[in-house]
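Pasted below: entry_27.cif, mmCIF, C-alpha atoms and all ligand atoms.
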```cif
data_upload
loop_
_atom_site.label_atom_id
_atom_site.label_comp_id
_atom_site.auth_asym_id
_atom_site.auth_seq_id
_atom_site.Cartn_x
_atom_site.Cartn_y
_atom_site.Cartn_z
CA MET A 498 8.00 -3.17 13.75
CA ASP A 499 4.74 -1.63 14.94
CA LEU A 500 1.63 -3.72 15.58
CA ILE A 501 -1.69 -1.88 15.46
CA THR A 502 -5.16 -3.31 16.04
CA SER A 503 -8.10 -2.17 13.90
CA LYS A 504 -11.68 -2.85 14.92
CA ASN A 505 -13.45 -1.73 11.73
CA ALA A 506 -12.86 -0.58 8.17
CA GLU A 507 -12.94 3.14 9.06
CA GLU A 508 -10.25 2.58 11.66
CA THR A 509 -8.06 0.84 9.07
CA ARG A 510 -8.55 3.88 6.85
CA ARG A 511 -7.45 6.22 9.66
CA ILE A 512 -4.40 4.04 10.36
CA GLY A 513 -3.51 4.31 6.66
CA ALA A 514 -3.74 8.10 6.87
CA GLN A 515 -1.54 8.23 9.98
CA PHE A 516 0.96 5.94 8.28
CA LEU A 517 1.26 8.22 5.25
CA ALA A 518 2.46 11.03 7.50
CA ARG A 519 5.57 8.95 8.27
CA LEU A 520 6.59 8.66 4.60
CA ARG A 521 9.08 10.71 2.60
CA PRO A 522 8.93 11.59 -1.12
CA GLY A 523 9.80 8.57 -3.24
CA ASP A 524 8.94 5.98 -0.59
CA ILE A 525 7.61 2.57 -1.67
CA VAL A 526 5.16 0.54 0.41
CA ALA A 527 4.67 -3.22 -0.03
CA LEU A 528 1.15 -3.87 1.30
CA SER A 529 0.19 -7.50 1.86
CA GLY A 530 -2.66 -9.40 3.47
CA ASP A 531 -5.26 -11.99 2.48
CA LEU A 532 -8.20 -11.28 0.18
CA GLY A 533 -10.55 -8.91 1.97
CA ALA A 534 -8.07 -8.09 4.74
CA GLY A 535 -8.56 -4.36 4.19
CA LYS A 536 -5.62 -3.39 1.99
CA THR A 537 -7.73 -1.10 -0.18
CA HIS A 538 -9.24 0.58 2.90
CA PHE A 539 -5.72 1.25 4.16
CA VAL A 540 -4.86 2.82 0.78
CA LYS A 541 -8.01 5.00 0.95
CA GLY A 542 -6.61 6.47 4.15
CA MET A 543 -3.20 7.03 2.55
CA ALA A 544 -4.92 8.92 -0.29
CA ASP A 545 -6.93 10.97 2.24
CA ALA A 546 -3.69 12.07 3.89
CA CYS A 547 -2.25 13.10 0.50
CA GLY A 548 -5.12 15.56 0.25
CA PHE A 549 -6.87 13.50 -2.42
CA ALA A 550 -10.53 14.45 -2.43
CA GLY A 551 -11.85 11.43 -4.34
CA GLU A 552 -12.26 7.84 -3.26
CA ALA A 553 -9.42 5.42 -3.84
CA THR A 554 -10.75 2.22 -5.41
CA SER A 555 -9.29 -1.17 -6.09
CA PRO A 556 -7.26 -0.85 -9.30
CA THR A 557 -7.59 -4.54 -10.16
CA PHE A 558 -8.46 -3.87 -13.78
CA THR A 559 -6.26 -0.86 -14.41
CA LEU A 560 -3.28 -2.17 -12.39
CA LEU A 561 -2.01 1.31 -11.59
CA HIS A 562 -4.00 4.26 -10.24
CA GLU A 563 -2.77 7.79 -9.59
CA TYR A 564 -4.26 9.80 -6.74
CA ALA A 565 -3.01 13.34 -7.18
CA GLY A 566 -3.69 15.09 -3.88
CA SER A 567 -3.13 18.67 -2.83
CA ARG A 568 -0.15 17.68 -0.64
CA SER A 569 1.36 14.73 -2.52
CA THR A 570 0.66 12.16 -5.19
CA LEU A 571 0.09 8.49 -4.41
CA TRP A 572 0.39 5.68 -6.97
CA HIS A 573 -1.56 2.51 -6.18
CA ALA A 574 -0.65 -0.75 -7.91
CA ASP A 575 -2.59 -4.01 -7.57
CA LEU A 576 -0.49 -6.84 -9.01
CA TYR A 577 -2.92 -9.63 -8.07
CA ARG A 578 -3.67 -10.64 -11.68
CA LEU A 579 -0.09 -10.59 -12.89
CA ASP A 580 1.88 -13.81 -13.21
CA SER A 581 5.49 -12.75 -13.48
CA PRO A 582 7.80 -10.00 -12.24
CA GLU A 583 8.33 -8.98 -15.89
CA ASP A 584 4.57 -8.46 -16.33
CA CYS A 585 4.61 -6.28 -13.21
CA LEU A 586 7.27 -4.03 -14.69
CA SER A 587 5.25 -3.70 -17.91
CA THR A 588 2.75 -1.62 -15.90
CA GLY A 589 5.34 1.17 -15.89
CA ILE A 590 5.81 1.00 -12.12
CA GLU A 591 9.59 1.34 -12.34
CA GLU A 592 9.41 4.86 -13.76
CA ILE A 593 7.27 5.89 -10.82
CA TRP A 594 9.76 4.43 -8.33
CA CYS A 595 12.41 6.73 -9.76
CA GLY A 596 10.37 9.82 -8.93
CA ARG A 597 9.31 11.65 -5.78
CA ASP A 598 5.76 10.33 -5.57
CA ILE A 599 4.75 7.63 -3.09
CA THR A 600 3.92 4.13 -4.38
CA VAL A 601 1.83 1.54 -2.58
CA ILE A 602 1.71 -2.00 -3.98
CA GLU A 603 -0.94 -4.63 -3.24
CA TRP A 604 0.30 -8.22 -3.80
CA PRO A 605 3.98 -7.14 -3.85
CA ASP A 606 5.11 -10.80 -3.87
CA ARG A 607 4.24 -10.85 -7.59
CA LEU A 608 7.39 -8.80 -8.13
CA GLY A 609 9.64 -11.47 -6.63
CA SER A 610 13.18 -10.21 -6.26
CA LEU A 611 12.34 -7.11 -8.34
CA LEU A 612 10.59 -5.58 -5.32
CA PRO A 613 12.87 -2.75 -4.16
CA SER A 614 14.67 -3.79 -0.99
CA ASP A 615 14.10 -0.39 0.61
CA ALA A 616 10.29 -0.72 0.64
CA TRP A 617 8.23 -0.30 3.80
CA ARG A 618 6.35 -3.51 4.69
CA VAL A 619 2.74 -3.33 5.80
CA ASP A 620 0.91 -6.59 6.47
CA ILE A 621 -2.76 -6.85 7.45
CA THR A 622 -3.87 -10.03 9.23
CA ILE A 623 -7.54 -10.96 9.65
CA THR A 624 -8.10 -11.79 13.33
CA GLY A 625 -11.91 -11.78 13.41
CA GLU A 626 -14.95 -10.69 11.40
CA HIS A 627 -14.13 -7.00 11.93
CA THR A 628 -10.73 -7.10 13.62
CA ARG A 629 -7.37 -6.82 11.93
CA THR A 630 -3.77 -6.63 13.08
CA ILE A 631 -1.66 -4.27 10.99
CA SER A 632 2.11 -4.66 11.17
CA ILE A 633 4.32 -1.87 9.88
CA THR A 634 8.05 -2.39 9.26
CA PRO A 635 10.14 0.57 8.12
CA PRO A 636 12.85 0.04 5.49
CA LEU A 637 16.27 -0.83 6.76
CA PRO A 638 18.47 2.26 6.79
CA LYS A 639 20.59 2.46 3.66
CA THR A 640 24.25 1.75 4.26
CA THR A 641 26.35 4.49 2.76
CA ALA A 642 29.48 3.54 0.88
CA LEU A 643 32.65 4.85 2.41
N1 LIG B 701 -11.02 -3.73 10.60
C1 LIG B 701 -11.27 -3.75 9.26
N2 LIG B 701 -10.40 -3.15 8.41
C2 LIG B 701 -10.62 -3.17 7.08
N3 LIG B 701 -11.67 -3.76 6.48
C3 LIG B 701 -12.56 -4.38 7.28
C4 LIG B 701 -12.40 -4.39 8.70
N4 LIG B 701 -13.45 -5.08 9.23
C5 LIG B 701 -14.20 -5.45 8.20
N5 LIG B 701 -13.70 -5.05 7.02
C6 LIG B 701 -14.29 -5.34 5.69
O1 LIG B 701 -13.36 -6.13 4.97
C7 LIG B 701 -13.37 -5.74 3.59
C8 LIG B 701 -11.99 -5.25 3.20
O2 LIG B 701 -12.03 -4.90 1.83
P1 LIG B 701 -10.76 -4.33 1.06
O3 LIG B 701 -11.19 -4.20 -0.38
O4 LIG B 701 -10.20 -3.14 1.74
O5 LIG B 701 -9.75 -5.56 1.22
P2 LIG B 701 -8.51 -5.93 0.32
O6 LIG B 701 -7.49 -6.47 1.27
O7 LIG B 701 -8.11 -4.76 -0.51
O8 LIG B 701 -9.08 -7.08 -0.60
P3 LIG B 701 -8.54 -7.61 -2.02
O9 LIG B 701 -7.45 -8.58 -1.70
O10 LIG B 701 -9.75 -8.28 -2.60
O11 LIG B 701 -8.07 -6.43 -2.82
C9 LIG B 701 -14.43 -4.66 3.43
O12 LIG B 701 -15.64 -5.27 3.08
C10 LIG B 701 -14.51 -4.09 4.85
O13 LIG B 701 -15.76 -3.51 5.13
MG MG B 702 -7.78 -4.48 -2.58
#
```

Write the structure described by the file as structure tokens, please.
Ligand SMILES: Nc1ncnc2c1ncn2[C@@H]1O[C@H](COP(=O)(O)OP(=O)(O)OP(=O)(O)O)[C@@H](O)[C@H]1O
Ligand SMILES: [Mg+2]
Amino acid sequence: MDLITSKNAEETRRIGAQFLARLRPGDIVALSGDLGAGKTHFVKGMADACGFAGEATSPTFTLLHEYAGSRSTLWHADLYRLDSPEDCLSTGIEEIWCGRDITVIEWPDRLGSLLPSDAWRVDITITGEHTRTISITPPLPKTTAL
């Protein structure tokens, strides 16, 4: 697990961009943290690193946003308003997991046990008005069947 300190929103965005460079096609990222921790700023940085020229926004009302960048495509889900794992799947997120795009999920706990076990875990903790601690845990390596 890596622990990174951010001192402002722009730094969180840069940390998100640096994080994206560690990902492989098809990776899933479970992004948690309290309201206003900076999850969406972290995603903005991930979209920057995909070569997406626009501004990633909070997809609270659309549930699932696609940021098609020049280097890769990022899907951004915000499950905050959903009550059950079944509702989460009705967004169509499963089909995206099967592909080679990258998926980042805000409020991944809404998925319960349906959250893929091979997801990266990123957790943002508020430590002060402008300071955050970002913890990054890579997925456990897959055990290959003999
Ligand atoms: N170090 C920091 N990193 C990120 N955001 C910060 C930081 N310091 C202050 N902020 C402020 O905190 C807020 C974070 O907003 P953001 O929408 O990214 O949070 P969020 O975790 O996505 O919230 P929500 O749970 O409502 O979706 C912004 O207003 C931002 O300016
Ligand atoms: Mg957000």

Can you work out which one of A:Ala514, A:Ile501, A:Cys595, A:Leu528 has the shortest atom-to-atom distance to A:Arg618, counting all atoms listed in the file?
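Ranked by minimum distance to A:Arg618, first place goes to A:Leu528.
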
Neighbourhood of ligand MG 702 (chain B) at 8 Å, counting only C-alpha atoms and all ligand atoms, reported as a list in words:
Leu532, Gly533, Gly535, Lys536, Thr537, His538, Thr554, Ser555, Pro556, Thr557, Asp575 and Glu603 of chain A

Could you list the protein, DNA and RNA residues that have any atom within 12 Å of ligand LIG 701 (chain B), counting all atoms listed in the file, and write them as an NGL selection string?
:A and (501-513 or 528-542 or 553-558 or 560 or 573-578 or 601-605 or 619-631)

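Taking atom CA of A:Gly596 and atom CA of A:Leu612 as endpoints, the distance between them is 15.8 Å.
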
Taking into account all atoms listed in the file, which residue in the set A:Leu611, A:Glu592, A:Trp572, A:Cys585 is nearest to A:Val526?
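Checking each of A:Leu611, A:Glu592, A:Trp572, A:Cys585 against A:Val526, counting all atoms listed in the file, the winner is A:Trp572.
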
Gap from atom CA of A:Ala518 to atom CA of A:Asp615 - Å, one decimal:
17.7 Å

When you draw a straight line from atom CA of A:Asp584 to atom CA of A:Gly551, how long is it in Å?
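About the pair atom CA of A:Asp584 and atom CA of A:Gly551: they are 28.4 Å apart.
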
Between A:Ser567, A:Ala616, A:Ser610, A:His562, which residue has the minimum interatomic distance to A:Thr588, considering only C-alpha atoms?
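Checking each candidate against A:Thr588, we get A:His562 as the closest.
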
When distances are computed from all atoms listed in the file, which of A:Arg519, A:Pro635, A:Thr570, A:Tyr564 shows the smallest separation from A:Arg597?
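Selected residue with least distance to A:Arg597: A:Thr570.
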
Just the residues within 6 Å of A:Leu571, please, counting only C-alpha atoms, with nothing from its chain fewer than 2 positions along; format it as a PDB file with C-alpha atoms, in the coordinates of the input.
```
ATOM      1  CA  GLU A 563      -2.770   7.790  -9.590  1.00  0.00           C
ATOM      2  CA  TYR A 564      -4.260   9.800  -6.740  1.00  0.00           C
ATOM      3  CA  ILE A 599       4.750   7.630  -3.090  1.00  0.00           C
ATOM      4  CA  THR A 600       3.920   4.130  -4.380  1.00  0.00           C
TER       5      THR A 600
END
```

Between A:Asp499, A:Glu552, A:Asp606, A:Asp524, which residue has the minimum interatomic distance to A:Leu579, considering all atoms listed in the file?
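Once distances to A:Leu579 are computed over all atoms listed in the file, the minimum belongs to A:Asp606.
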
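Proximity to A:Ile633 was assessed for A:Ala527, A:Arg521, A:Gly566, A:Glu591 counting all atoms listed in the file; the smallest distance is recorded for A:Ala527.
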